[in-house]
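model32.txt follows; it contains compact mmCIF, C-alpha atoms.
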# COMPACT_ATOMS: atom_id res chain seq x y z
CA MET X 209 -34.58 -20.02 63.22
CA THR X 210 -37.12 -17.91 61.38
CA GLU X 211 -40.55 -19.38 60.66
CA ARG X 212 -39.51 -19.90 57.04
CA GLU X 213 -36.34 -21.75 58.07
CA ILE X 214 -38.36 -23.99 60.36
CA LYS X 215 -40.71 -24.85 57.47
CA ARG X 216 -37.85 -25.53 55.07
CA THR X 217 -36.01 -27.65 57.63
CA ARG X 218 -39.15 -29.73 58.21
CA ILE X 219 -39.53 -30.37 54.47
CA ALA X 220 -35.85 -31.19 53.95
CA THR X 221 -35.69 -33.52 56.97
CA ARG X 222 -38.75 -35.48 55.88
CA ILE X 223 -37.40 -35.94 52.36
CA ALA X 224 -33.93 -36.92 53.63
CA ASN X 225 -35.53 -39.77 55.57
CA GLU X 226 -37.33 -41.08 52.49
CA PHE X 227 -34.27 -42.49 50.70
CA PRO X 228 -33.20 -46.11 51.22
CA ASP X 229 -29.56 -47.05 51.76
CA GLY X 230 -27.61 -46.91 48.49
CA ALA X 231 -30.00 -44.57 46.67
CA LEU X 232 -28.71 -42.31 43.88
CA VAL X 233 -30.35 -38.90 44.34
CA ASN X 234 -30.33 -35.65 42.40
CA LEU X 235 -31.18 -32.52 44.40
CA GLY X 236 -32.35 -29.42 42.53
CA ILE X 237 -31.26 -25.87 43.23
CA GLY X 238 -32.85 -23.99 46.15
CA MET X 239 -34.76 -25.80 48.88
CA PRO X 240 -34.00 -29.28 47.51
CA THR X 241 -30.29 -28.58 48.08
CA LEU X 242 -31.03 -28.28 51.82
CA VAL X 243 -31.94 -31.98 51.90
CA ALA X 244 -28.22 -32.81 51.75
CA ASN X 245 -27.78 -31.33 55.26
CA PHE X 246 -30.22 -33.82 56.80
CA LEU X 247 -29.27 -37.15 55.20
CA PRO X 248 -29.22 -39.93 57.83
CA LYS X 249 -25.68 -40.82 58.87
CA ASP X 250 -26.39 -44.56 58.95
CA LYS X 251 -27.15 -44.76 55.21
CA THR X 252 -25.00 -44.27 52.14
CA ILE X 253 -26.85 -41.87 49.86
CA LEU X 254 -25.05 -40.89 46.65
CA LEU X 255 -25.79 -37.46 45.25
CA GLN X 256 -25.58 -36.77 41.53
CA SER X 257 -24.80 -33.31 40.18
CA GLU X 258 -26.14 -33.09 36.62
CA ASN X 259 -23.25 -30.94 35.42
CA GLY X 260 -21.12 -34.05 35.63
CA PHE X 261 -20.47 -36.16 38.70
CA ILE X 262 -21.67 -38.51 41.41
CA GLY X 263 -20.42 -38.09 44.97
CA LEU X 264 -21.40 -34.48 45.60
CA GLY X 265 -20.05 -33.34 48.96
CA PRO X 266 -20.39 -30.20 51.08
CA LYS X 267 -19.15 -26.71 50.32
CA PRO X 268 -15.38 -26.47 50.86
CA GLU X 269 -13.51 -23.95 52.96
CA GLU X 270 -12.55 -20.97 50.85
CA LYS X 271 -8.90 -22.07 50.61
CA ASP X 272 -9.96 -25.42 49.14
CA GLU X 273 -12.29 -24.03 46.46
CA ASP X 274 -11.58 -25.48 43.03
CA ARG X 275 -12.87 -23.64 39.95
CA ASP X 276 -13.28 -27.01 38.17
CA LEU X 277 -15.44 -28.55 40.89
CA VAL X 278 -18.81 -26.83 41.09
CA ASN X 279 -22.42 -27.92 41.50
CA ALA X 280 -25.22 -27.38 38.99
CA GLY X 281 -25.71 -23.89 40.42
CA GLY X 282 -22.09 -23.06 39.58
CA ASN X 283 -21.00 -22.90 43.23
CA PRO X 284 -17.89 -24.61 44.62
CA VAL X 285 -18.44 -28.01 46.22
CA THR X 286 -16.36 -31.06 47.14
CA MET X 287 -16.40 -34.68 46.03
CA LEU X 288 -16.77 -37.49 48.53
CA PRO X 289 -14.64 -40.67 48.37
CA GLY X 290 -16.08 -43.06 45.78
CA GLY X 291 -17.30 -40.29 43.49
CA CYS X 292 -16.72 -40.06 39.76
CA PHE X 293 -16.79 -37.45 36.99
CA PHE X 294 -18.38 -37.60 33.54
CA ASP X 295 -19.56 -35.28 30.77
CA SER X 296 -23.06 -33.94 30.08
CA VAL X 297 -23.95 -36.72 27.61
CA LEU X 298 -23.23 -39.44 30.15
CA SER X 299 -24.77 -37.40 32.96
CA PHE X 300 -28.07 -37.19 31.13
CA SER X 301 -27.85 -40.81 30.04
CA ILE X 302 -27.75 -41.62 33.75
CA ILE X 303 -30.72 -39.31 34.31
CA ARG X 304 -32.92 -40.18 31.33
CA GLY X 305 -31.98 -43.85 31.40
CA ARG X 306 -33.71 -44.39 34.77
CA HIS X 307 -30.51 -44.85 36.77
CA VAL X 308 -31.31 -42.03 39.21
CA ASP X 309 -33.53 -43.29 42.05
CA TYR X 310 -34.88 -39.97 43.32
CA THR X 311 -34.95 -36.43 41.98
CA VAL X 312 -36.01 -33.63 44.31
CA LEU X 313 -37.22 -30.39 42.72
CA GLY X 314 -39.10 -27.25 43.66
CA ALA X 315 -42.42 -26.36 42.02
CA LEU X 316 -44.56 -23.40 41.10
CA GLU X 317 -47.60 -25.69 40.68
CA VAL X 318 -48.39 -29.41 40.97
CA ASP X 319 -51.75 -30.99 40.22
CA GLU X 320 -53.92 -34.05 40.83
CA GLN X 321 -52.55 -35.84 37.75
CA GLY X 322 -48.95 -35.46 38.90
CA ASN X 323 -48.30 -32.71 36.39
CA LEU X 324 -45.52 -30.29 37.30
CA ALA X 325 -44.94 -26.64 36.37
CA ASN X 326 -41.66 -25.19 37.58
CA TYR X 327 -39.73 -23.61 34.74
CA MET X 328 -41.52 -20.48 33.59
CA ILE X 329 -44.18 -17.86 34.18
CA PRO X 330 -44.90 -16.56 30.66
CA GLY X 331 -43.94 -12.91 30.23
CA LYS X 332 -42.46 -12.71 33.73
CA MET X 333 -39.99 -15.32 34.81
CA VAL X 334 -38.44 -17.47 32.11
CA PRO X 335 -35.27 -19.02 33.51
CA GLY X 336 -35.49 -22.09 31.29
CA MET X 337 -35.84 -25.73 32.21
CA GLY X 338 -32.15 -26.56 32.57
CA GLY X 339 -32.02 -30.26 33.43
CA ALA X 340 -35.44 -30.36 35.12
CA MET X 341 -37.43 -31.85 32.23
CA ASP X 342 -34.97 -34.72 31.80
CA LEU X 343 -34.77 -35.35 35.55
CA VAL X 344 -38.53 -35.48 35.98
CA VAL X 345 -39.00 -37.81 33.01
CA GLY X 346 -36.05 -40.03 33.85
CA ALA X 347 -35.79 -40.42 37.63
CA LYS X 348 -37.54 -43.44 39.14
CA THR X 349 -39.20 -41.33 41.85
CA VAL X 350 -39.94 -37.62 41.49
CA VAL X 351 -40.21 -35.75 44.79
CA ILE X 352 -41.47 -32.17 44.94
CA ALA X 353 -40.17 -30.04 47.81
CA MET X 354 -42.05 -26.82 48.32
CA GLU X 355 -43.89 -24.64 50.77
CA HIS X 356 -47.59 -25.49 50.83
CA LEU X 357 -48.67 -21.93 50.05
CA ASN X 358 -47.04 -19.36 47.78
CA LYS X 359 -46.03 -15.87 48.91
CA LYS X 360 -49.58 -14.65 48.33
CA GLY X 361 -50.95 -17.41 50.59
CA GLN X 362 -52.36 -19.41 47.67
CA CYS X 363 -52.10 -23.19 47.51
CA LYS X 364 -49.64 -24.57 44.94
CA ILE X 365 -51.29 -28.02 44.81
CA LEU X 366 -54.05 -27.56 42.26
CA LYS X 367 -56.78 -29.48 40.50
CA LYS X 368 -55.05 -28.57 37.26
CA CYS X 369 -51.79 -26.69 36.58
CA SER X 370 -52.24 -23.36 34.79
CA LEU X 371 -48.58 -22.64 33.95
CA PRO X 372 -46.61 -24.35 31.15
CA LEU X 373 -45.73 -27.88 32.22
CA THR X 374 -42.26 -29.17 32.93
CA ALA X 375 -43.59 -32.72 32.57
CA LYS X 376 -46.88 -34.52 32.40
CA GLY X 377 -47.90 -37.07 35.04
CA GLU X 378 -44.40 -37.70 36.41
CA VAL X 379 -44.65 -36.47 40.03
CA ASP X 380 -44.75 -39.24 42.68
CA ILE X 381 -44.45 -37.48 46.04
CA ILE X 382 -45.15 -33.93 47.24
CA VAL X 383 -43.62 -32.82 50.53
CA THR X 384 -44.59 -29.44 51.98
CA ASP X 385 -44.34 -27.85 55.41
CA MET X 386 -47.86 -29.21 56.07
CA ALA X 387 -48.16 -32.51 54.28
CA PHE X 388 -46.64 -35.61 52.70
CA ILE X 389 -48.79 -36.44 49.68
CA ARG X 390 -48.46 -39.36 47.29
CA VAL X 391 -49.66 -39.15 43.69
CA THR X 392 -51.60 -42.30 42.77
CA LYS X 393 -53.70 -43.37 39.80
CA LYS X 394 -56.75 -42.54 41.90
CA GLY X 395 -55.50 -39.05 42.73
CA LEU X 396 -53.63 -37.47 45.62
CA VAL X 397 -53.40 -39.33 48.92
CA LEU X 398 -52.57 -37.47 52.13
CA GLU X 399 -50.32 -39.95 53.94
CA GLU X 400 -48.76 -37.73 56.60
CA ILE X 401 -49.29 -34.32 58.12
CA ALA X 402 -46.80 -32.08 59.91
CA GLU X 403 -46.90 -32.39 63.68
CA ASN X 404 -48.05 -28.78 64.12
CA THR X 405 -51.10 -29.04 61.87
CA THR X 406 -54.37 -30.93 61.47
CA VAL X 407 -56.03 -32.78 58.59
CA GLU X 408 -58.69 -30.06 58.52
CA GLU X 409 -56.03 -27.36 58.14
CA VAL X 410 -54.35 -29.24 55.30
CA LEU X 411 -57.63 -29.86 53.47
CA LYS X 412 -58.68 -26.22 53.95
CA ASN X 413 -55.38 -25.03 52.46
CA THR X 414 -55.32 -27.39 49.48
CA GLU X 415 -57.18 -26.72 46.24
CA ALA X 416 -56.72 -30.24 44.89
CA ASN X 417 -58.85 -33.11 46.16
CA LEU X 418 -57.02 -35.17 48.77
CA THR X 419 -57.92 -38.64 49.98
CA VAL X 420 -56.86 -39.08 53.59
CA ALA X 421 -54.96 -42.34 54.10
CA GLY X 422 -56.39 -44.77 56.66
CA ASN X 423 -53.06 -45.02 58.45
CA LEU X 424 -52.33 -41.28 58.49
CA SER X 425 -49.22 -40.39 60.48
CA LYS X 426 -47.31 -37.28 61.52
CA PHE X 427 -43.85 -36.01 60.60
CA MET G 206 0.58 -31.24 14.96
CA LYS G 207 -2.28 -28.76 15.34
CA PRO G 208 -1.69 -25.00 14.89
CA ILE G 209 -1.25 -23.05 18.10
CA LYS G 210 -2.90 -19.64 18.01
CA THR G 211 -3.27 -16.66 20.28
CA PRO G 212 -6.80 -15.94 21.53
CA GLN G 213 -6.84 -12.93 19.15
CA GLU G 214 -5.87 -15.07 16.11
CA ALA G 215 -8.54 -17.62 16.93
CA ALA G 216 -11.17 -14.91 17.42
CA ALA G 217 -10.22 -13.19 14.14
CA ASP G 218 -11.48 -16.24 12.21
CA ILE G 219 -14.92 -15.84 13.77
CA LYS G 220 -16.91 -13.52 11.52
CA ASP G 221 -20.29 -11.84 11.93
CA ASN G 222 -23.26 -14.24 11.74
CA SER G 223 -21.21 -17.28 12.82
CA SER G 224 -22.78 -20.03 14.87
CA ILE G 225 -20.65 -20.98 17.88
CA MET G 226 -20.89 -23.77 20.40
CA ILE G 227 -19.27 -22.79 23.69
CA GLY G 228 -18.44 -25.47 26.24
CA GLY G 229 -18.88 -24.90 29.96
CA PHE G 230 -21.58 -24.88 32.61
CA MET G 231 -22.34 -21.89 34.84
CA CYS G 232 -18.88 -20.44 34.13
CA CYS G 233 -17.08 -23.76 34.88
CA GLY G 234 -15.04 -24.92 31.91
CA HIS G 235 -15.50 -21.93 29.64
CA PRO G 236 -12.79 -20.83 27.18
CA PHE G 237 -12.63 -17.36 28.72
CA SER G 238 -9.58 -16.08 26.81
CA ILE G 239 -11.17 -16.75 23.41
CA ILE G 240 -14.52 -15.30 24.51
CA ASN G 241 -12.76 -12.13 25.69
CA ALA G 242 -10.91 -11.93 22.36
CA ILE G 243 -14.23 -12.16 20.47
CA ILE G 244 -15.47 -9.22 22.54
CA GLU G 245 -12.37 -7.31 21.35
CA THR G 246 -12.69 -8.24 17.65
CA GLY G 247 -16.31 -7.09 17.59
CA ALA G 248 -17.93 -10.08 15.83
CA LYS G 249 -21.70 -9.72 16.03
CA ASN G 250 -25.03 -11.31 15.06
CA LEU G 251 -23.71 -14.53 16.55
CA THR G 252 -25.74 -17.64 17.23
CA LEU G 253 -24.55 -19.20 20.49
CA ILE G 254 -25.21 -22.80 21.43
CA THR G 255 -24.31 -23.30 25.05
CA ASN G 256 -25.69 -24.66 28.32
CA ASP G 257 -26.59 -21.38 29.99
CA ALA G 258 -26.37 -17.60 29.69
CA GLY G 259 -23.92 -17.34 32.60
CA TYR G 260 -23.69 -14.14 34.60
CA PRO G 261 -24.00 -10.70 32.91
CA ASP G 262 -20.39 -9.60 33.24
CA ILE G 263 -18.39 -12.82 32.83
CA GLY G 264 -17.57 -14.91 29.76
CA ILE G 265 -20.59 -15.85 27.67
CA GLY G 266 -22.71 -13.31 29.53
CA LYS G 267 -20.63 -10.53 27.96
CA LEU G 268 -21.40 -11.78 24.44
CA ILE G 269 -25.09 -11.42 25.33
CA CYS G 270 -24.97 -8.17 27.29
CA GLN G 271 -22.71 -6.42 24.77
CA ASN G 272 -25.21 -7.10 21.98
CA ARG G 273 -23.17 -9.61 19.96
CA THR G 274 -25.72 -12.39 20.06
CA LYS G 275 -28.79 -12.57 17.83
CA LYS G 276 -29.82 -16.09 18.81
CA LEU G 277 -29.20 -18.20 21.88
CA ILE G 278 -29.83 -21.95 21.97
CA VAL G 279 -29.55 -22.79 25.63
CA SER G 280 -31.10 -24.75 28.52
CA HIS G 281 -31.08 -22.04 31.20
CA ILE G 282 -30.83 -18.25 31.39
CA GLY G 283 -31.96 -17.74 34.99
CA LEU G 284 -28.78 -16.15 36.36
CA ASN G 285 -28.44 -13.59 33.57
CA PRO G 286 -31.38 -11.18 33.84
CA VAL G 287 -30.15 -9.26 30.77
CA ALA G 288 -30.70 -12.39 28.65
CA GLY G 289 -34.26 -12.64 30.00
CA ASN G 290 -34.95 -8.99 29.22
CA LYS G 291 -33.59 -9.34 25.68
CA MET G 292 -35.74 -12.40 25.16
CA ASN G 293 -38.90 -10.70 26.43
CA SER G 294 -38.25 -7.61 24.27
CA LYS G 295 -37.52 -9.88 21.27
CA GLU G 296 -34.14 -8.19 20.82
CA MET G 297 -32.55 -11.64 20.95
CA GLU G 298 -34.10 -14.96 19.96
CA VAL G 299 -33.85 -17.54 22.72
CA VAL G 300 -34.54 -21.21 22.07
CA LEU G 301 -34.84 -23.12 25.35
CA VAL G 302 -33.82 -26.76 25.04
CA PRO G 303 -33.87 -29.29 27.90
CA GLN G 304 -30.28 -29.85 28.99
CA GLY G 305 -30.15 -33.55 28.20
CA THR G 306 -31.78 -32.96 24.83
CA LEU G 307 -29.25 -30.22 24.06
CA ALA G 308 -26.40 -32.64 24.79
CA GLU G 309 -27.95 -35.39 22.65
CA ARG G 310 -28.76 -33.08 19.70
CA ILE G 311 -25.12 -31.98 19.63
CA ARG G 312 -23.96 -35.57 19.97
CA ALA G 313 -26.27 -36.59 17.10
CA LYS G 314 -24.44 -34.19 14.79
CA GLY G 315 -21.02 -35.27 16.03
CA ALA G 316 -21.88 -38.97 15.79
CA GLY G 317 -23.43 -38.79 12.32
CA LEU G 318 -26.99 -39.52 13.46
CA GLY G 319 -30.16 -38.08 11.97
CA GLY G 320 -31.49 -37.16 15.40
CA VAL G 321 -32.52 -38.76 18.66
CA LEU G 322 -35.80 -39.95 20.17
CA THR G 323 -36.35 -38.68 23.69
CA PRO G 324 -39.28 -38.83 26.12
CA THR G 325 -38.19 -35.46 27.56
CA GLY G 326 -40.65 -32.71 26.73
CA ILE G 327 -43.65 -34.91 25.88
CA GLY G 328 -46.81 -33.10 26.97
CA THR G 329 -45.01 -29.74 27.29
CA GLU G 330 -44.36 -26.73 25.07
CA VAL G 331 -41.11 -28.38 23.98
CA GLU G 332 -43.03 -30.75 21.72
CA THR G 333 -44.47 -27.89 19.62
CA GLY G 334 -43.71 -28.46 15.94
CA LYS G 335 -41.84 -31.71 16.54
CA GLN G 336 -42.57 -35.13 15.16
CA LYS G 337 -43.81 -37.62 17.75
CA ILE G 338 -42.78 -41.23 17.21
CA THR G 339 -44.07 -44.25 19.12
CA VAL G 340 -41.58 -47.04 19.74
CA MET G 341 -42.64 -50.14 21.68
CA GLU G 342 -45.79 -48.36 22.89
CA LYS G 343 -43.93 -45.36 24.30
CA ASP G 344 -44.03 -41.82 22.83
CA TYR G 345 -40.84 -39.96 21.97
CA LEU G 346 -39.99 -36.63 20.36
CA LEU G 347 -37.73 -36.61 17.34
CA GLU G 348 -35.01 -34.10 18.17
CA THR G 349 -32.80 -33.07 15.25
CA PRO G 350 -29.01 -32.64 15.23
CA ILE G 351 -27.43 -29.26 16.06
CA GLU G 352 -24.26 -28.18 14.28
CA ALA G 353 -22.16 -25.03 14.35
CA ASP G 354 -19.44 -23.21 12.43
CA PHE G 355 -17.24 -23.17 15.53
CA ALA G 356 -16.91 -25.01 18.81
CA LEU G 357 -14.86 -23.32 21.51
CA ILE G 358 -13.91 -25.68 24.30
CA GLN G 359 -11.71 -25.59 27.39
CA ALA G 360 -9.18 -28.12 28.67
CA ALA G 361 -6.73 -28.25 31.55
CA VAL G 362 -4.03 -29.83 29.37
CA CYS G 363 -3.78 -30.30 25.61
CA ASP G 364 -0.97 -31.92 23.65
CA LYS G 365 0.13 -30.69 20.24
CA TYR G 366 -1.96 -33.37 18.50
CA GLY G 367 -5.00 -31.81 20.17
CA ASN G 368 -5.56 -34.60 22.71
CA CYS G 369 -7.21 -33.00 25.72
CA PHE G 370 -7.47 -33.71 29.41
CA ILE G 371 -10.46 -31.87 30.85
CA ASN G 372 -10.51 -31.55 34.61
CA LYS G 373 -13.34 -32.68 36.92
CA SER G 374 -16.72 -31.03 36.37
CA ALA G 375 -15.31 -28.82 33.61
CA LYS G 376 -15.99 -31.70 31.19
CA ASN G 377 -19.71 -30.89 30.89
CA PHE G 378 -20.43 -29.86 27.27
CA ASN G 379 -16.77 -29.54 26.27
CA LEU G 380 -16.42 -33.13 25.13
CA VAL G 381 -19.53 -33.44 22.99
CA MET G 382 -19.19 -30.00 21.39
CA ALA G 383 -15.73 -30.94 20.11
CA MET G 384 -17.51 -33.45 17.85
CA ALA G 385 -20.12 -31.20 16.28
CA ALA G 386 -18.58 -28.11 14.66
CA LYS G 387 -16.68 -27.41 11.44
CA THR G 388 -13.85 -25.67 13.31
CA VAL G 389 -13.01 -26.73 16.86
CA ILE G 390 -10.70 -24.58 18.96
CA VAL G 391 -9.53 -25.75 22.37
CA GLU G 392 -8.31 -23.27 24.94
CA ALA G 393 -5.85 -25.07 27.22
CA ASP G 394 -4.38 -23.99 30.54
CA LYS G 395 -1.27 -25.91 29.55
CA ILE G 396 0.05 -27.15 26.17
CA VAL G 397 2.42 -30.14 26.20
CA GLU G 398 4.27 -32.39 23.75
CA PRO G 399 2.52 -35.51 22.36
CA GLY G 400 2.98 -38.37 24.81
CA GLU G 401 3.09 -36.19 27.88
CA ILE G 402 -0.57 -36.90 28.72
CA ASP G 403 -1.19 -40.50 29.74
CA PRO G 404 -3.40 -41.90 26.92
CA GLU G 405 -5.67 -43.34 29.62
CA GLN G 406 -6.36 -39.79 30.83
CA ILE G 407 -7.41 -38.28 27.51
CA THR G 408 -10.95 -36.88 27.64
CA VAL G 409 -11.17 -35.64 24.03
CA PRO G 410 -9.25 -37.34 21.21
CA GLY G 411 -7.18 -34.86 19.20
CA VAL G 412 -8.86 -35.87 15.93
CA PHE G 413 -11.72 -33.48 16.68
CA ILE G 414 -9.49 -30.45 17.29
CA THR G 415 -8.65 -27.83 14.60
CA ALA G 416 -6.48 -25.43 16.59
CA ILE G 417 -5.12 -24.87 20.09
CA VAL G 418 -5.05 -21.65 22.10
CA GLN G 419 -2.94 -21.07 25.20
CA ALA G 420 -5.24 -19.66 27.88
CA LYS G 421 -4.17 -16.35 29.37
CA LYS G 422 -2.82 -16.75 32.90
CA GLU G 423 -5.56 -14.66 34.48
CA ASP G 424 -8.23 -16.86 32.89
CA THR G 425 -6.79 -20.04 34.41
CA VAL G 426 -7.12 -18.84 37.98
CA GLN G 427 -10.11 -16.54 38.13
CA LYS G 428 -12.93 -17.27 40.52
CA VAL G 429 -16.20 -17.07 38.70
CA TRP G 430 -18.77 -17.91 41.35
CA ASN G 431 -20.59 -15.38 43.53
If you took the structure in this file and wrote it as structure tokens, what would it be?
Amino acid sequence: MTEREIKRTRIATRIANEFPDGALVNLGIGMPTLVANFLPKDKTILLQSENGFIGLGPKPEEKDEDRDLVNAGGNPVTMLPGGCFFDSVLSFSIIRGRHVDYTVLGALEVDEQGNLANYMIPGKMVPGMGGAMDLVVGAKTVVIAMEHLNKKGQCKILKKCSLPLTAKGEVDIIVTDMAFIRVTKKGLVLEEIAENTTVEEVLKNTEANLTVAGNLSKF
Amino acid sequence: MKPIKTPQEAAADIKDNSSIMIGGFMCCGHPFSIINAIIETGAKNLTLITNDAGYPDIGIGKLICQNRTKKLIVSHIGLNPVAGNKMNSKEMEVVLVPQGTLAERIRAKGAGLGGVLTPTGIGTEVETGKQKITVMEKDYLLETPIEADFALIQAAVCDKYGNCFINKSAKNFNLVMAMAAKTVIVEADKIVEPGEIDPEQITVPGVFITAIVQAKKEDTVQKVWN
């Protein structure tokens, strides 16, 4: 594995172990999708695909691809036994109506107030918010999956987001290749660090203020 | 019985400056035959209301890349860089709407509602210019209905009364858009006699449908993903 793959695997594995048995989870495009590969076998975790179903399964073999069964990225997938289909209105009723337990999304920036920016860089990258704004507002627990530093080596966990927000104060958990951080009313709490790093390293590489939990553990 | 048209006949009714809802999600569940016929007829200055801008050279993406679209109301354009360029150069107006809000605004029109109150977008650029309403101590944005001259939807099977069965994840926006336009055209892979679809399996009641188009064979089998 490349260094990047190792980082992404660490993030995805930690998040996969966060869900309780029976949880309904929506995984965003990109790194969050990787989480599906590491779900614990002893739990039933249902995955929702916001384009219209619950019971998202793995990519099929090419001969079994079905043009009417794709994920929210438009790529062919399968449905697991017990799944069900619905339209976009019902899909977003499930999302906005607080029936999704966890949503996992990537981020450009997150800040101390749990604000999230992940849908545009004005003048440069404007893909649109897709379902992200509804997911972040509606899911019971919002988990951010991202590398701790951006490609320029700058921290993405800030005192205050500078990019246009996807949602205000909705982020609950931030998981990076270095840290597991919980957003609380008193600010960000560093609950766990990756096994190959130290608290000092995490603090040095984080712009936002972090409170180190008394019972800090490693992942 | 609803009229059955060729893709070309359906497209001929769509004039310049029309507003069109197009069902589908990342090329799944699009009425490709009608979209291709619109490319042929040359209708332009269109307003498209659809989930995403697709890919540059398939379906909806063609209506954008071949300069037929003046305004796009959409939740996502990330996989069509041409749409992004046209937005940045102001050649095409792009209104980004959160996906759930887009669905509900269309439903509001189709269901005869004056709008919906949603928490989505509070504290973001989406709330710009919108009325904020507090209900039971929680803030919501008032999102207004969206209507269109045409809705173009896709179904696996349609009977001659217009009752549709839409397959799997192709349902997406196809159901709600059938409720919200003056003229609703369904492109079906297969057209059958009334009674041939089990009433329990009907996704869209025929009452919403204006006309039916038989999809071209090549558009029922094409692979659209990368």
Do you have the atom CA of X:Gln321-atom CA of G:Glu332 distance handy?
19.3 Å
Given all atoms listed in the file, how would the per-residue table for chain G near chain X read, listing every residue at most 8 Å away with its closest atom pair and distance in Å to one decimal, sorted by chain and number, as CSV?
residue,atom,partner,partner_atom,distance
G:Phe230,CA,X:Asn259,CA,6.9
G:Met231,CA,X:Gly282,CA,4.9
G:Cys232,CA,X:Gly282,CA,6.8
G:Cys233,CA,X:Asp276,CA,6.0
G:Gly234,CA,X:Asp276,CA,6.8
G:Asn256,CA,X:Gly338,CA,8.0
G:Ser280,CA,X:Gly338,CA,4.6
G:His281,CA,X:Gly336,CA,4.4
G:Ile282,CA,X:Pro335,CA,5.0
G:Gly283,CA,X:Pro335,CA,3.8
G:Leu284,CA,X:Pro335,CA,7.6
G:Gly289,CA,X:Val334,CA,6.7
G:Asn293,CA,X:Gly331,CA,6.7
G:Leu301,CA,X:Gly336,CA,6.1
G:Val302,CA,X:Met337,CA,7.5
G:Pro303,CA,X:Gly338,CA,5.7
G:Gln304,CA,X:Gly339,CA,4.8
G:Gly305,CA,X:Phe300,CA,5.1
G:Thr306,CA,X:Asp342,CA,7.9
G:Ala308,CA,X:Val297,CA,5.5
G:Glu309,CA,X:Val297,CA,6.5
G:Arg312,CA,X:Val297,CA,7.7
G:Pro324,CA,X:Val345,CA,7.0
G:Thr325,CA,X:Asp342,CA,5.4
G:Gly326,CA,X:Met341,CA,6.4
G:Ile327,CA,X:Ala375,CA,7.0
G:Gly328,CA,X:Lys376,CA,5.6
G:Thr329,CA,X:Leu373,CA,5.3
G:Glu330,CA,X:Pro372,CA,6.9
G:Asn372,CA,X:Asp276,CA,6.4
G:Lys373,CA,X:Asp276,CA,5.8
G:Ser374,CA,X:Leu277,CA,5.3
G:Ala375,CA,X:Asp276,CA,5.3
G:Lys376,CA,X:Asp295,CA,5.1
G:Asn377,CA,X:Asp295,CA,4.4
G:Phe378,CA,X:Ser296,CA,5.6
G:Asn379,CA,X:Asp295,CA,7.8
G:Leu380,CA,X:Asp295,CA,6.8
G:Val381,CA,X:Val297,CA,7.2
G:Val426,CA,X:Arg275,CA,7.7
G:Gln427,CA,X:Arg275,CA,7.8
G:Lys428,CA,X:Arg275,CA,6.4
G:Val429,CA,X:Arg275,CA,7.5
G:Trp430,CA,X:Asn283,CA,5.8
G:Asn431,CA,X:Asn283,CA,7.5
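Closest to G:Pro404 among G:Cys363, G:Leu268, G:Ala316, G:Ile240 is G:Cys363, based on only C-alpha atoms.
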Do you have the atom CA of G:Ile227-atom CA of G:Arg273 distance handy?
14.2 Å
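Atom pair atom CA of G:Met297 / atom CA of G:Thr274 has a distance of 6.9 Å (rounded to one decimal).
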Shell of 8 Å around stretch 241-244 of chain X, all atoms listed in the file, local chain residues under 5 positions omitted, as a VMD selection string:
chain X and resid 217 220 to 221 223 to 224 235 to 236
Serialized selection, C-alpha atoms, as a PDB file, in the frame of the given file:
ATOM      1  CA  THR X 217     -36.010 -27.650  57.630  1.00  0.00           C
ATOM      2  CA  ALA X 220     -35.850 -31.190  53.950  1.00  0.00           C
ATOM      3  CA  THR X 221     -35.690 -33.520  56.970  1.00  0.00           C
ATOM      4  CA  ILE X 223     -37.400 -35.940  52.360  1.00  0.00           C
ATOM      5  CA  ALA X 224     -33.930 -36.920  53.630  1.00  0.00           C
ATOM      6  CA  LEU X 235     -31.180 -32.520  44.400  1.00  0.00           C
ATOM      7  CA  GLY X 236     -32.350 -29.420  42.530  1.00  0.00           C
TER       8      GLY X 236
END
Taking all atoms of stretch 321-325 of chain G that the file lists, what box with edges along x, y and z, padded by 5 Å per side, do you get, with centre and edge lengths in Å to one decimal, as AutoDock Vina command-line options?
--center_x -35.9 --center_y -37.7 --center_z 23.1 --size_x 16.8 --size_y 14.5 --size_z 18.9
